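Undergrad: Handing you a structure now.
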Amino acid sequence: MATFSRVKVIGAGLIGTSIALGLKRAGYELSIEDEDPQSEAIAQSLLGQGDEGLIPELIVIATPISAIPKLIREYGTLYPQATLMDIGGLKSEVLEEIKDFPSISTRFCATHPMAGREISGALAARGDLFEGRIWIWTPAQNSSPLAIERALEVISALGGTKVELTAHEHDHTIAGISHLPQIVSSLLSATLIDVSDRDIGLAGQGLKDVSRLAASNSSLWANLLHANRKAVGEFLEIFSHNIDDLSTSLQNDDLRKTQEILELGRENHARIPGKHGGKKRDYWYLPIIIEDKPGQLAKIFDACALVDANVEDLSIEHTPGQESGLVTLALSKVDSEKVFKQLASDGWKVHQPRESIG
């Protein structure tokens with residue numbers, strides 16, 4: 001049963017606008033505002049409404065972390081009957097700063113959806129962005145049952161999976177599973193600065209996958225990394241040690257050590273969840289050569305539907321100017337065999353399913 005109906009979202013970026021779109025779809029009344037008039041106008045257009053004087057029962061603070069404590073105090077004072085939640089990427093500093101305002105902190109519950117895109121802004125927003133995604137919640141010491149209940153109601157309404165962590169647990173965990181990947185992606189892209197455009201154009205899916213996060217908002221990430229610099233520094237020490245070990249093994253032509261380092265990474269990769277956030281599934285990969293013309297993907301999916309096969313994931317490799325590209329489907333072993341037979345019988349250039357993508 002709903003415990004509120006009226007929501008005000010502060011911050012019309014990717015996350016704030018996605019929350020607003022998702023909650024509107026779920027039947028809640030929404031208003032959204034942003035200090036940037038253009039962002040606010042775009043978000044309101046996407047919602048099909050303006051800020052029409054709605055008195056909120058819940059306020060979602062969806063801004064960069066540096067502004068969150070101030071806005072919690074500001075809107076908590078302006079709307080004394082409303083509960084509040086945030087979606088910031090760090091928790092310790094926010095909870096520390098608001099604990100001196102008990103009349104507000106009792107109405108606040110900190111949260112952090114583990115969802116996003118490498119592109120930002122309201123135009124990148126999607127109402128289904130949080131479906132099946134982990135959404136961490138971290139109550140303040142004196143968060144009221146109502147504040148917690150409403151925060152959890154938002155997570156459920158948007159299809160998130162609720163996980164409770166303390167502020168310290170959250171910030172240390174995020175340093176490893178979110179901040180470190182961003183650093184690795186950004187540093188990889190920076191390392192390639194002297195590689196010519198021609199040579200970059202030869203890149204396959206590996207570089208595209210690993211460098212994807214480098215397209216993220218640099219200002220936002222710089223603030224996050226500095227705010228969580230202690231925990232990030234601990235992971236960087238381990239990462240630096242691993243790089244030094246690999247560099248030494250290469251300099252010494254120690255093939256055994258190099259393979260040992262790579263094997264440890266391969267084994268640990270199996271612990272990373274699959275696309276739905278659960279235990280990683282054992283996919284089989286089906287490589288298909290396609291012609292560079294419209295409708296090719298649609299025909300492949302038609303073939304999958306014909307044999308009742310579920311495509312779990314796919315990758316596309318295509319260099320501009322080439323007359324063909326490579327589509328690799330990720331499926332269960334049984335489905336990969338069914339699709340292979342169907343496509344082969346239809347005359348596609350399809351290769352035998354394999355256990356690894358490489």
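Ligands are numbered from 1 in the order shown, residues from 1 within each chain, and chains are lettered A, B, ... in the order they appear in the structure tokens.
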Write down as a PyMOL selection string the residues belonging to region 96-193 of chain A that are assigned helix (DSSP H, G or I) by DSSP computed on the backbone.
TA: chain A and resi 96-98+102-105+122-124+145-157+167-191
Undergrad: Tell me, as a ChimeraX atom specification, which residues lie within 6 Å of Arg126 (chain A), counting only C-alpha atoms; anything in the same chain fewer than 2 positions away does not count.
TA: /A:18,128-129
Undergrad: Find the nearest atom pair between each residue of region 196-280 of chain A and region 172-177 of chain A for residues within 12 Å, count only C-alpha atoms, give distances in Å to one decimal, sort rows by chain and ascending number, and present the table as a Markdown table.
TA:
| residue | atom | partner | partner_atom | distance |
| --- | --- | --- | --- | --- |
| A:Trp221 | CA | A:Ala175 | CA | 11.8 |
| A:Leu224 | CA | A:Ala175 | CA | 9.6 |
| A:Leu225 | CA | A:Ala175 | CA | 8.3 |
| A:His226 | CA | A:Ala175 | CA | 11.0 |
| A:Ala227 | CA | A:Ala175 | CA | 10.6 |
| A:Asn228 | CA | A:Ala175 | CA | 7.2 |
| A:Arg229 | CA | A:Ala175 | CA | 8.6 |
| A:Lys230 | CA | A:His172 | CA | 8.8 |
| A:Ala231 | CA | A:His172 | CA | 5.4 |
| A:Val232 | CA | A:Ala175 | CA | 5.0 |
| A:Gly233 | CA | A:Ala175 | CA | 8.6 |
| A:Glu234 | CA | A:Ala175 | CA | 8.7 |
| A:Phe235 | CA | A:Gly176 | CA | 6.3 |
| A:Leu236 | CA | A:Gly176 | CA | 9.0 |
| A:Glu237 | CA | A:Gly176 | CA | 11.6 |
| A:Ile238 | CA | A:Gly176 | CA | 10.5 |
| A:Phe239 | CA | A:Gly176 | CA | 10.3 |
| A:Arg271 | CA | A:Ile177 | CA | 11.9 |
| A:Ile272 | CA | A:Ile177 | CA | 9.7 |
| A:Pro273 | CA | A:Ile177 | CA | 11.4 |
Undergrad: Those residues with N, CA and C atoms, as a compact mmCIF listing (two decimals), in the first residue's frame please?
TA:
# COMPACT_ATOMS: atom_id res chain seq x y z
N TRP A 221 32.86 12.88 -11.58
CA TRP A 221 33.71 11.81 -11.09
C TRP A 221 34.91 12.32 -10.29
N LEU A 224 33.59 12.84 -6.86
CA LEU A 224 33.36 11.57 -6.18
C LEU A 224 34.67 10.95 -5.69
N LEU A 225 35.67 10.94 -6.55
CA LEU A 225 36.94 10.32 -6.18
C LEU A 225 37.62 11.04 -5.04
N HIS A 226 37.55 12.36 -5.04
CA HIS A 226 38.17 13.12 -3.94
C HIS A 226 37.39 12.96 -2.65
N ALA A 227 36.08 12.90 -2.75
CA ALA A 227 35.27 12.74 -1.53
C ALA A 227 35.50 11.36 -0.91
N ASN A 228 35.87 10.38 -1.72
CA ASN A 228 36.08 9.02 -1.21
C ASN A 228 37.55 8.61 -1.35
N ARG A 229 38.45 9.61 -1.25
CA ARG A 229 39.85 9.39 -1.60
C ARG A 229 40.56 8.36 -0.73
N LYS A 230 40.18 8.22 0.52
CA LYS A 230 40.86 7.25 1.38
C LYS A 230 40.59 5.82 0.91
N ALA A 231 39.32 5.48 0.71
CA ALA A 231 38.98 4.12 0.27
C ALA A 231 39.49 3.86 -1.14
N VAL A 232 39.37 4.87 -2.01
CA VAL A 232 39.87 4.72 -3.38
C VAL A 232 41.37 4.48 -3.37
N GLY A 233 42.07 5.22 -2.51
CA GLY A 233 43.53 5.06 -2.41
C GLY A 233 43.94 3.65 -2.02
N GLU A 234 43.16 3.02 -1.16
CA GLU A 234 43.48 1.64 -0.74
C GLU A 234 43.40 0.68 -1.92
N PHE A 235 42.36 0.85 -2.75
CA PHE A 235 42.23 -0.03 -3.92
C PHE A 235 43.29 0.29 -4.97
N LEU A 236 43.66 1.57 -5.09
CA LEU A 236 44.68 1.93 -6.07
C LEU A 236 46.04 1.35 -5.69
N GLU A 237 46.31 1.22 -4.40
CA GLU A 237 47.57 0.60 -3.97
C GLU A 237 47.63 -0.86 -4.44
N ILE A 238 46.52 -1.58 -4.27
CA ILE A 238 46.48 -2.97 -4.72
C ILE A 238 46.61 -3.05 -6.24
N PHE A 239 45.90 -2.16 -6.93
CA PHE A 239 45.95 -2.15 -8.40
C PHE A 239 47.36 -1.83 -8.88
N ARG A 271 33.14 -14.13 -10.44
CA ARG A 271 32.34 -13.67 -9.30
C ARG A 271 31.47 -12.48 -9.66
N ILE A 272 31.72 -11.84 -10.79
CA ILE A 272 30.98 -10.64 -11.16
C ILE A 272 29.58 -11.04 -11.62
N PRO A 273 28.54 -10.38 -11.11
CA PRO A 273 27.17 -10.77 -11.46
C PRO A 273 26.90 -10.61 -12.95
Undergrad: If we count only C-alpha atoms and set the cut-off at 12 Å, which residues sit around Ala309 (chain A), ignoring sequence neighbours fewer than 4 positions away in its own chain? Please answer as a list in words.
TA: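 The filter keeps Ile300, Phe301, Asp302, Ala303, Cys304, Ala305, Leu329, Ala330, Leu331, Ser332, Lys333, Val334, Asp335, Ser336, Glu337, Lys338, Val339, Phe340, Lys341 and Gln342 of chain A.
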Undergrad: Export, as a compact mmCIF listing (two decimals), in the first residue's frame, the selected residues with C-alpha atoms.
TA:
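Wrote it out as part11.txt, contents follow:
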# COMPACT_ATOMS: atom_id res chain seq x y z
CA ILE A 300 18.57 -12.45 -36.70
CA PHE A 301 16.09 -11.78 -33.91
CA ASP A 302 13.28 -13.16 -36.06
CA ALA A 303 15.29 -16.39 -36.38
CA CYS A 304 15.78 -16.49 -32.59
CA ALA A 305 12.06 -16.04 -32.04
CA LEU A 329 25.01 -13.39 -29.48
CA ALA A 330 25.19 -14.62 -25.89
CA LEU A 331 22.73 -17.45 -25.23
CA SER A 332 22.34 -20.61 -23.23
CA LYS A 333 24.13 -23.64 -24.69
CA VAL A 334 20.86 -25.18 -25.89
CA ASP A 335 19.60 -21.93 -27.42
CA SER A 336 22.93 -21.25 -29.14
CA GLU A 337 22.73 -24.62 -30.89
CA LYS A 338 19.13 -24.01 -31.97
CA VAL A 339 19.90 -20.57 -33.39
CA PHE A 340 23.04 -21.85 -35.11
CA LYS A 341 21.08 -24.52 -36.95
CA GLN A 342 18.32 -22.10 -37.91
Undergrad: Sort by chain and increasing residue number a table of all residues of region 202-319 of chain A within 12 Å of region 6-15 of chain A, each with its closest pair of atoms and their distance in Å to one decimal, counting only C-alpha atoms, and write it as CSV.
TA:
residue,atom,partner,partner_atom,distance
A:Ser216,CA,A:Leu14,CA,11.7
A:Asn217,CA,A:Leu14,CA,11.2
A:Leu220,CA,A:Gly13,CA,11.5
Undergrad: Any chance you can output those residues with C-alpha atoms as a compact mmCIF listing (two decimals), in the first residue's frame?
TA:
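The new file again32.txt reads:
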# COMPACT_ATOMS: atom_id res chain seq x y z
CA SER A 216 31.43 9.72 -18.14
CA ASN A 217 31.15 13.23 -16.69
CA LEU A 220 31.16 14.60 -11.36
Undergrad: Given only C-alpha atoms, how would the per-residue table for region 141-244 of chain A near region 25-32 of chain A read, listing every residue at most 10 Å away with its closest atom pair and distance in Å to one decimal, sorted by chain and number, as CSV?
TA:
residue,atom,partner,partner_atom,distance
A:Val154,CA,A:Ala26,CA,9.8
A:Ala157,CA,A:Ala26,CA,6.5
A:Leu158,CA,A:Ala26,CA,7.8
Undergrad: In Å, with one decimal, what is the gap from CA of Ser66 (chain A) to CA of Ala222 (chain A)?
TA: 11.4 Å
Undergrad: Which of these, A:Leu54, A:Ile87, A:Asp282, A:Ser143, has the shortest distance to Ala270 (chain A) once you count only C-alpha atoms?
TA: A:Asp282
Undergrad: Between CA of Ile183 (chain A) and CA of Tyr285 (chain A), what is the distance in Å, rounded to a tenth?
TA: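 Taking CA of Ile183 (chain A) as the start and CA of Tyr285 (chain A) as the end point, the length is 29.0 Å.
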Undergrad: Counting only C-alpha atoms, which residue out of A:Thr106, A:Gln44, A:Ser39, A:Ser211 sits closest to Gly121 (chain A)?
TA: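 Answer, going by the shortest atom-to-atom distance: A:Ser39.
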Undergrad: I'd like the contact shell of Gly127 (chain A) - 7 Å cut-off, only C-alpha atoms, skipping same-chain residues fewer than 5 positions apart - returned as a list in words.
TA: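 Using only C-alpha atoms, the neighbours found are Ser18, Ile19, Leu21 and Gly22 of chain A.
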Undergrad: Could you give me, as a ChimeraX atom specification, the residues within 8 Å of Ala151 (chain A), counting only C-alpha atoms and dropping anything in the same chain fewer than 3 positions from it?
TA: /A:85,109,111,147-148,154-155
Undergrad: Just the selected residues (C-alpha atoms), exported as a PDB file, in the first residue's frame, please.
TA:
ATOM      1  CA  MET A  85      15.948  10.672   0.431  1.00  0.00           C
ATOM      2  CA  CYS A 109      17.016   8.027   4.490  1.00  0.00           C
ATOM      3  CA  THR A 111      20.061   5.666  -0.773  1.00  0.00           C
ATOM      4  CA  ALA A 147      11.250   7.821   6.150  1.00  0.00           C
ATOM      5  CA  ILE A 148      12.672   4.331   5.646  1.00  0.00           C
ATOM      6  CA  VAL A 154      10.475   4.217  -4.175  1.00  0.00           C
ATOM      7  CA  ILE A 155      13.018   1.454  -4.742  1.00  0.00           C
TER       8      ILE A 155
END
